[in-house]
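> Contents of entry.cif (mmCIF, C-alpha atoms, pLDDT in the B column; chains and numbers go by the auth columns) are below:
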```cif
data_query
loop_
_atom_site.group_PDB
_atom_site.id
_atom_site.type_symbol
_atom_site.label_atom_id
_atom_site.label_comp_id
_atom_site.label_asym_id
_atom_site.label_seq_id
_atom_site.Cartn_x
_atom_site.Cartn_y
_atom_site.Cartn_z
_atom_site.B_iso_or_equiv
_atom_site.auth_seq_id
_atom_site.auth_asym_id
ATOM 1 C CA MET A 1 19.060 14.180 3.996 41.00 1 A
ATOM 2 C CA ARG A 2 20.619 10.746 4.298 42.00 2 A
ATOM 3 C CA SER A 3 20.565 8.827 7.525 42.00 3 A
ATOM 4 C CA LEU A 4 23.300 6.654 8.947 42.00 4 A
ATOM 5 C CA PHE A 5 22.166 3.690 6.866 41.00 5 A
ATOM 6 C CA GLY A 6 21.985 5.615 3.580 45.00 6 A
ATOM 7 C CA PHE A 7 18.197 5.942 3.460 43.00 7 A
ATOM 8 C CA ASP A 8 16.419 9.216 2.942 47.00 8 A
ATOM 9 C CA SER A 9 14.935 9.925 6.366 44.00 9 A
ATOM 10 C CA ARG A 10 11.920 11.689 4.837 50.00 10 A
ATOM 11 C CA ARG A 11 11.014 8.486 3.016 50.00 11 A
ATOM 12 C CA ALA A 12 11.432 6.200 5.980 49.00 12 A
ATOM 13 C CA PHE A 13 9.334 3.066 5.850 48.00 13 A
ATOM 14 C CA ARG A 14 6.378 3.244 8.162 55.00 14 A
ATOM 15 C CA VAL A 15 2.912 1.793 8.327 53.00 15 A
ATOM 16 C CA LEU A 16 0.612 4.351 6.696 59.00 16 A
ATOM 17 C CA GLN A 17 -2.875 3.031 7.285 63.00 17 A
ATOM 18 C CA LEU A 18 -2.665 0.046 9.559 64.00 18 A
ATOM 19 C CA GLY A 19 -6.125 -1.342 8.773 70.00 19 A
ATOM 20 C CA ALA A 20 -5.685 -1.177 5.012 68.00 20 A
ATOM 21 C CA GLN A 21 -2.128 -2.466 5.064 71.00 21 A
ATOM 22 C CA ILE A 22 -2.861 -5.420 7.332 76.00 22 A
ATOM 23 C CA ARG A 23 -6.195 -6.403 5.758 78.00 23 A
ATOM 24 C CA LEU A 24 -4.668 -7.559 2.437 77.00 24 A
ATOM 25 C CA PRO A 25 -2.094 -9.936 3.953 78.00 25 A
ATOM 26 C CA LEU A 26 -4.687 -11.290 6.367 81.00 26 A
ATOM 27 C CA TYR A 27 -7.071 -12.097 3.510 85.00 27 A
ATOM 28 C CA LEU A 28 -4.266 -13.735 1.549 84.00 28 A
ATOM 29 C CA LEU A 29 -3.148 -15.696 4.594 83.00 29 A
ATOM 30 C CA LEU A 30 -6.708 -16.864 5.286 87.00 30 A
ATOM 31 C CA ILE A 31 -7.048 -18.117 1.716 90.00 31 A
ATOM 32 C CA THR A 32 -3.636 -19.773 1.984 86.00 32 A
ATOM 33 C CA VAL A 33 -4.526 -21.400 5.307 85.00 33 A
ATOM 34 C CA ALA A 34 -7.770 -22.733 3.843 90.00 34 A
ATOM 35 C CA PHE A 35 -6.017 -24.365 0.886 89.00 35 A
ATOM 36 C CA MET A 36 -3.089 -25.537 3.024 86.00 36 A
ATOM 37 C CA SER A 37 -5.575 -27.126 5.436 87.00 37 A
ATOM 38 C CA LEU A 38 -7.200 -29.029 2.595 89.00 38 A
ATOM 39 C CA PHE A 39 -3.790 -30.131 1.356 87.00 39 A
ATOM 40 C CA ALA A 40 -2.663 -31.080 4.881 85.00 40 A
ATOM 41 C CA TRP A 41 -5.840 -33.092 5.481 87.00 41 A
ATOM 42 C CA HIS A 42 -5.373 -34.939 2.182 85.00 42 A
ATOM 43 C CA SER A 43 -1.660 -35.560 2.842 83.00 43 A
ATOM 44 C CA HIS A 44 -2.298 -36.640 6.425 82.00 44 A
ATOM 45 C CA SER A 45 -4.932 -39.162 5.414 82.00 45 A
ATOM 46 C CA ALA A 46 -2.569 -40.672 2.835 79.00 46 A
ATOM 47 C CA PHE A 47 0.476 -40.461 5.148 82.00 47 A
ATOM 48 C CA VAL A 48 -1.274 -42.126 8.096 83.00 48 A
ATOM 49 C CA LYS A 49 -2.098 -45.182 6.021 82.00 49 A
ATOM 50 C CA LEU A 50 1.442 -45.345 4.644 82.00 50 A
ATOM 51 C CA TYR A 51 2.971 -44.791 8.093 79.00 51 A
ATOM 52 C CA ALA A 52 0.862 -47.583 9.597 82.00 52 A
ATOM 53 C CA MET A 53 1.873 -50.012 6.841 82.00 53 A
ATOM 54 C CA VAL A 54 5.563 -49.153 7.137 82.00 54 A
ATOM 55 C CA MET A 55 5.647 -49.285 10.927 80.00 55 A
ATOM 56 C CA THR A 56 4.097 -52.774 11.003 83.00 56 A
ATOM 57 C CA SER A 57 6.426 -54.207 8.373 86.00 57 A
ATOM 58 C CA VAL A 58 9.863 -52.853 9.396 84.00 58 A
ATOM 59 C CA PRO A 59 12.076 -53.968 12.251 85.00 59 A
ATOM 60 C CA GLU A 60 12.034 -51.984 15.505 82.00 60 A
ATOM 61 C CA SER A 61 15.462 -50.451 14.856 81.00 61 A
ATOM 62 C CA PHE A 62 14.111 -48.711 11.744 84.00 62 A
ATOM 63 C CA GLN A 63 10.935 -47.581 13.443 82.00 63 A
ATOM 64 C CA GLU A 64 12.840 -45.097 15.630 83.00 64 A
ATOM 65 C CA GLN A 65 14.665 -43.679 12.598 86.00 65 A
ATOM 66 C CA ILE A 66 11.372 -43.273 10.739 83.00 66 A
ATOM 67 C CA LEU A 67 9.886 -41.519 13.778 82.00 67 A
ATOM 68 C CA HIS A 68 12.829 -39.044 13.934 85.00 68 A
ATOM 69 C CA GLN A 69 12.607 -38.327 10.206 85.00 69 A
ATOM 70 C CA THR A 70 8.886 -37.694 10.564 82.00 70 A
ATOM 71 C CA GLN A 71 9.522 -35.264 13.433 86.00 71 A
ATOM 72 C CA ASP A 72 12.253 -33.484 11.444 87.00 72 A
ATOM 73 C CA PHE A 73 9.899 -33.189 8.494 85.00 73 A
ATOM 74 C CA SER A 74 7.244 -31.620 10.744 83.00 74 A
ATOM 75 C CA ILE A 75 9.699 -29.104 12.225 90.00 75 A
ATOM 76 C CA VAL A 76 11.027 -28.040 8.819 90.00 76 A
ATOM 77 C CA GLY A 77 7.472 -27.788 7.474 85.00 77 A
ATOM 78 C CA ALA A 78 6.466 -25.522 10.379 85.00 78 A
ATOM 79 C CA ALA A 79 9.557 -23.349 9.819 92.00 79 A
ATOM 80 C CA ILE A 80 8.756 -23.028 6.111 91.00 80 A
ATOM 81 C CA LEU A 81 5.156 -22.110 6.942 84.00 81 A
ATOM 82 C CA GLY A 82 6.335 -19.466 9.443 86.00 82 A
ATOM 83 C CA ALA A 83 8.737 -18.016 6.874 91.00 83 A
ATOM 84 C CA PHE A 84 5.907 -17.909 4.337 87.00 84 A
ATOM 85 C CA VAL A 85 3.651 -16.014 6.751 83.00 85 A
ATOM 86 C CA LEU A 86 6.386 -13.460 7.504 87.00 86 A
ATOM 87 C CA ALA A 87 7.240 -13.058 3.815 89.00 87 A
ATOM 88 C CA MET A 88 3.568 -12.587 2.943 84.00 88 A
ATOM 89 C CA LEU A 89 3.101 -9.967 5.647 82.00 89 A
ATOM 90 C CA GLY A 90 6.252 -8.107 4.607 85.00 90 A
ATOM 91 C CA PHE A 91 5.422 -8.168 0.918 86.00 91 A
ATOM 92 C CA CYS A 92 1.824 -7.067 1.385 83.00 92 A
ATOM 93 C CA ILE A 93 2.702 -4.242 3.764 81.00 93 A
ATOM 94 C CA ALA A 94 5.420 -3.016 1.390 82.00 94 A
ATOM 95 C CA TYR A 95 3.097 -3.256 -1.618 83.00 95 A
ATOM 96 C CA THR A 96 0.220 -1.463 0.057 81.00 96 A
ATOM 97 C CA HIS A 97 2.745 1.135 1.237 80.00 97 A
ATOM 98 C CA THR A 98 3.533 1.930 -2.404 80.00 98 A
ATOM 99 C CA LEU A 99 -0.194 2.145 -3.172 81.00 99 A
ATOM 100 C CA LEU A 100 -1.172 4.240 -0.155 80.00 100 A
ATOM 101 C CA GLY A 101 2.038 6.267 0.206 82.00 101 A
ATOM 102 C CA PRO A 102 1.110 8.985 -2.307 85.00 102 A
ATOM 103 C CA THR A 103 -2.105 9.718 -0.415 84.00 103 A
ATOM 104 C CA ILE A 104 -0.088 11.514 2.282 85.00 104 A
ATOM 105 C CA PRO A 105 1.272 14.334 0.046 87.00 105 A
ATOM 106 C CA LEU A 106 -2.059 14.485 -1.794 89.00 106 A
ATOM 107 C CA ARG A 107 -3.937 14.971 1.489 89.00 107 A
ATOM 108 C CA ARG A 108 -1.405 17.611 2.601 90.00 108 A
ATOM 109 C CA HIS A 109 -1.933 19.445 -0.686 90.00 109 A
ATOM 110 C CA VAL A 110 -5.713 19.378 -0.292 91.00 110 A
ATOM 111 C CA GLN A 111 -5.364 20.621 3.302 92.00 111 A
ATOM 112 C CA SER A 112 -3.110 23.494 2.224 90.00 112 A
ATOM 113 C CA MET A 113 -5.662 24.463 -0.433 90.00 113 A
ATOM 114 C CA LYS A 114 -8.441 24.309 2.184 90.00 114 A
ATOM 115 C CA ASP A 115 -6.307 26.653 4.294 90.00 115 A
ATOM 116 C CA GLY A 116 -6.148 29.100 1.373 88.00 116 A
ATOM 117 C CA ASN A 117 -2.615 28.356 0.198 88.00 117 A
ATOM 118 C CA TYR A 118 -3.131 28.068 -3.552 88.00 118 A
ATOM 119 C CA GLN A 119 0.576 28.461 -4.319 89.00 119 A
ATOM 120 C CA ALA A 120 1.363 24.974 -3.048 86.00 120 A
ATOM 121 C CA ARG A 121 2.000 22.364 -5.709 89.00 121 A
ATOM 122 C CA ASN A 122 2.277 18.617 -5.435 86.00 122 A
ATOM 123 C CA LYS A 123 5.129 16.636 -6.947 86.00 123 A
ATOM 124 C CA LEU A 124 5.066 12.882 -6.540 85.00 124 A
ATOM 125 C CA ARG A 125 7.918 10.439 -6.955 83.00 125 A
ATOM 126 C CA GLU A 126 8.341 8.723 -10.307 81.00 126 A
ATOM 127 C CA SER A 127 7.327 5.441 -8.683 79.00 127 A
ATOM 128 C CA ASP A 128 3.930 6.952 -7.798 81.00 128 A
ATOM 129 C CA ALA A 129 2.787 7.105 -11.436 79.00 129 A
ATOM 130 C CA ALA A 130 -0.598 5.577 -10.602 81.00 130 A
ATOM 131 C CA HIS A 131 -1.529 8.732 -8.678 85.00 131 A
ATOM 132 C CA GLN A 132 0.146 11.250 -10.990 86.00 132 A
ATOM 133 C CA GLY A 133 -3.105 12.114 -12.794 89.00 133 A
ATOM 134 C CA LEU A 134 -4.773 13.067 -9.517 89.00 134 A
ATOM 135 C CA ALA A 135 -1.729 15.121 -8.483 90.00 135 A
ATOM 136 C CA ASP A 136 -1.777 16.938 -11.843 91.00 136 A
ATOM 137 C CA ASP A 137 -5.495 17.663 -11.454 92.00 137 A
ATOM 138 C CA LEU A 138 -4.945 19.040 -7.944 91.00 138 A
ATOM 139 C CA ASN A 139 -2.073 21.217 -9.205 92.00 139 A
ATOM 140 C CA GLU A 140 -4.287 22.523 -12.009 92.00 140 A
ATOM 141 C CA LEU A 141 -7.085 23.235 -9.532 92.00 141 A
ATOM 142 C CA ALA A 142 -4.644 25.088 -7.271 91.00 142 A
ATOM 143 C CA SER A 143 -3.464 27.124 -10.248 92.00 143 A
ATOM 144 C CA ILE A 144 -7.041 28.020 -11.222 92.00 144 A
ATOM 145 C CA LEU A 145 -7.878 29.004 -7.643 91.00 145 A
ATOM 146 C CA GLN A 146 -4.656 31.006 -7.324 90.00 146 A
ATOM 147 C CA HIS A 147 -5.453 32.841 -10.559 91.00 147 A
ATOM 148 C CA ALA A 148 -9.035 33.504 -9.423 90.00 148 A
ATOM 149 C CA GLN A 149 -7.804 34.757 -6.060 87.00 149 A
ATOM 150 C CA LYS A 150 -5.312 37.074 -7.765 88.00 150 A
ATOM 151 C CA ASN A 151 -8.057 38.438 -10.070 87.00 151 A
ATOM 152 C CA ALA A 152 -10.375 38.974 -7.104 85.00 152 A
ATOM 153 C CA ARG A 153 -7.688 40.905 -5.229 83.00 153 A
ATOM 154 C CA SER A 154 -6.839 43.067 -8.232 83.00 154 A
ATOM 155 C CA ALA A 155 -10.539 43.835 -8.730 80.00 155 A
ATOM 156 C CA ARG A 156 -10.763 45.129 -5.144 77.00 156 A
ATOM 157 C CA VAL A 157 -7.642 47.303 -5.348 64.00 157 A
ATOM 158 C CA PRO A 158 -8.289 50.679 -7.064 62.00 158 A
ATOM 159 C CA ASN A 159 -5.882 51.695 -9.820 59.00 159 A
ATOM 160 C CA ALA A 160 -4.751 48.076 -10.251 53.00 160 A
ATOM 161 C CA ARG A 161 -4.421 46.741 -13.754 57.00 161 A
ATOM 162 C CA PRO A 162 -6.498 43.627 -14.396 54.00 162 A
ATOM 163 C CA GLU A 163 -4.872 40.457 -15.600 55.00 163 A
ATOM 164 C CA PRO A 164 -4.881 40.157 -19.426 53.00 164 A
ATOM 165 C CA SER A 165 -7.099 37.117 -19.649 52.00 165 A
ATOM 166 C CA THR A 166 -10.581 36.525 -20.922 48.00 166 A
ATOM 167 C CA PRO A 167 -12.794 34.146 -19.018 47.00 167 A
ATOM 168 C CA ASP A 168 -14.397 31.406 -21.025 48.00 168 A
ATOM 169 C CA ARG A 169 -17.651 29.604 -20.313 42.00 169 A
ATOM 170 C CA GLN A 170 -15.969 26.733 -18.474 45.00 170 A
ATOM 171 C CA SER A 171 -14.173 28.946 -15.980 43.00 171 A
ATOM 172 C CA ARG A 172 -17.332 30.824 -14.892 42.00 172 A
ATOM 173 C CA SER A 173 -18.720 30.096 -11.504 39.00 173 A
ATOM 174 C CA VAL A 174 -21.446 27.511 -11.272 38.00 174 A
ATOM 175 C CA PHE A 175 -23.374 29.923 -9.068 37.00 175 A
ATOM 176 C CA THR A 176 -23.943 32.547 -11.796 40.00 176 A
ATOM 177 C CA ASP A 177 -26.925 32.573 -14.092 40.00 177 A
ATOM 178 C CA ASN A 178 -24.852 33.185 -17.256 39.00 178 A
#
```
As a first step, turn the structure in this file into structure tokens.


Amino acid sequence: MRSLFGFDSRRAFRVLQLGAQIRLPLYLLLITVAFMSLFAWHSHSAFVKLYAMVMTSVPESFQEQILHQTQDFSIVGAAILGAFVLAMLGFCIAYTHTLLGPTIPLRRHVQSMKDGNYQARNKLRESDAAHQGLADDLNELASILQHAQKNARSARVPNARPEPSTPDRQSRSVFTDN
């Protein structure tokens, strides 16, 4: 189902796990702030000396122009830093969304199996390839449990034909002594 803007409404972007999705950008921003602070301290110490030399050697008419250029530089630098912070937050939230997104259908599948619905299967998007192995394992487990449930039901029903399968050692219950 497509929404007004052409996006699939079932795959709408939302924050999945706020703590996990915000933690990564905060760590990256803290590291960035630490290195930017070192760079700013180094630049400031060099700039202050240069600014003092220039301001004492130029005429007063140029001093005002230098002051305006310095203020403009500070404003543009702050805007660039703000844009960087927003871009970092957006990128990290989107990236962690792709990492954590498949956990929602996987958790639903596990919950449906806990509720006794062994017919449910999990199909992830192609972009969720990192979690495909886990989804395949859960689907295989659901199939095994569904088959075991079907065999248990047919064993309880009189005059029912058993399934034509032979159990092997690996499929036996861990609770038997065999």

> Which residues fall under the PyMOL selection byres ((chain A and resi 140) around 12) in this file, as an MDAnalysis selection string?

chainID A and resid 109 113 118:122 133:139 141:147

> Which residues are near stretch 60-70 of chain A? Cut-off 12 Å, all atoms listed in the file, ignore same chain within fewer than 5 positions. Put them as a VMD selection string.

chain A and resid 44 47 to 48 50 to 55 75 to 77

> For a test of reading the model, state the distance in Å between atom CA of A:Ala34 and atom CA of A:Thr98, rounded to one decimal.

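We find that atom CA of A:Ala34 and atom CA of A:Thr98 lie 27.8 Å from each other.
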
> Between atom CA of A:Gln21 and atom CA of A:Leu81, what is the distance in Å, rounded to a tenth?

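Atom CA of A:Leu81 lies at a distance of 21.0 Å from atom CA of A:Gln21.
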
> What's the separation between atom CA of A:Lys49 and atom CA of A:Leu30, in Å to one decimal place?

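Atom CA of A:Leu30 lies 28.7 Å from atom CA of A:Lys49.
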
> Extending 6 Å beyond the listed atoms of stretch 141-148 of chain A on each side, what axis-aligned box results? I want centre and edge lengths in Å to one decimal, as lines of an AutoDock Vina configuration file.


```
center_x = -6.2
center_y = 28.4
center_z = -9.2
size_x = 17.6
size_y = 22.3
size_z = 16.0
```

> With only C-alpha atoms as the atoms that count, which of A:Pro102, A:Gly82, A:Leu89, A:Tyr95 lies nearest to A:Tyr27?

A:Leu89

> Between A:Ile22, A:Ala155, A:Leu29, A:Ala148, single out the one closest to A:Val85, counting only C-alpha atoms.

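Distance minimum relative to A:Val85 lands on A:Leu29.
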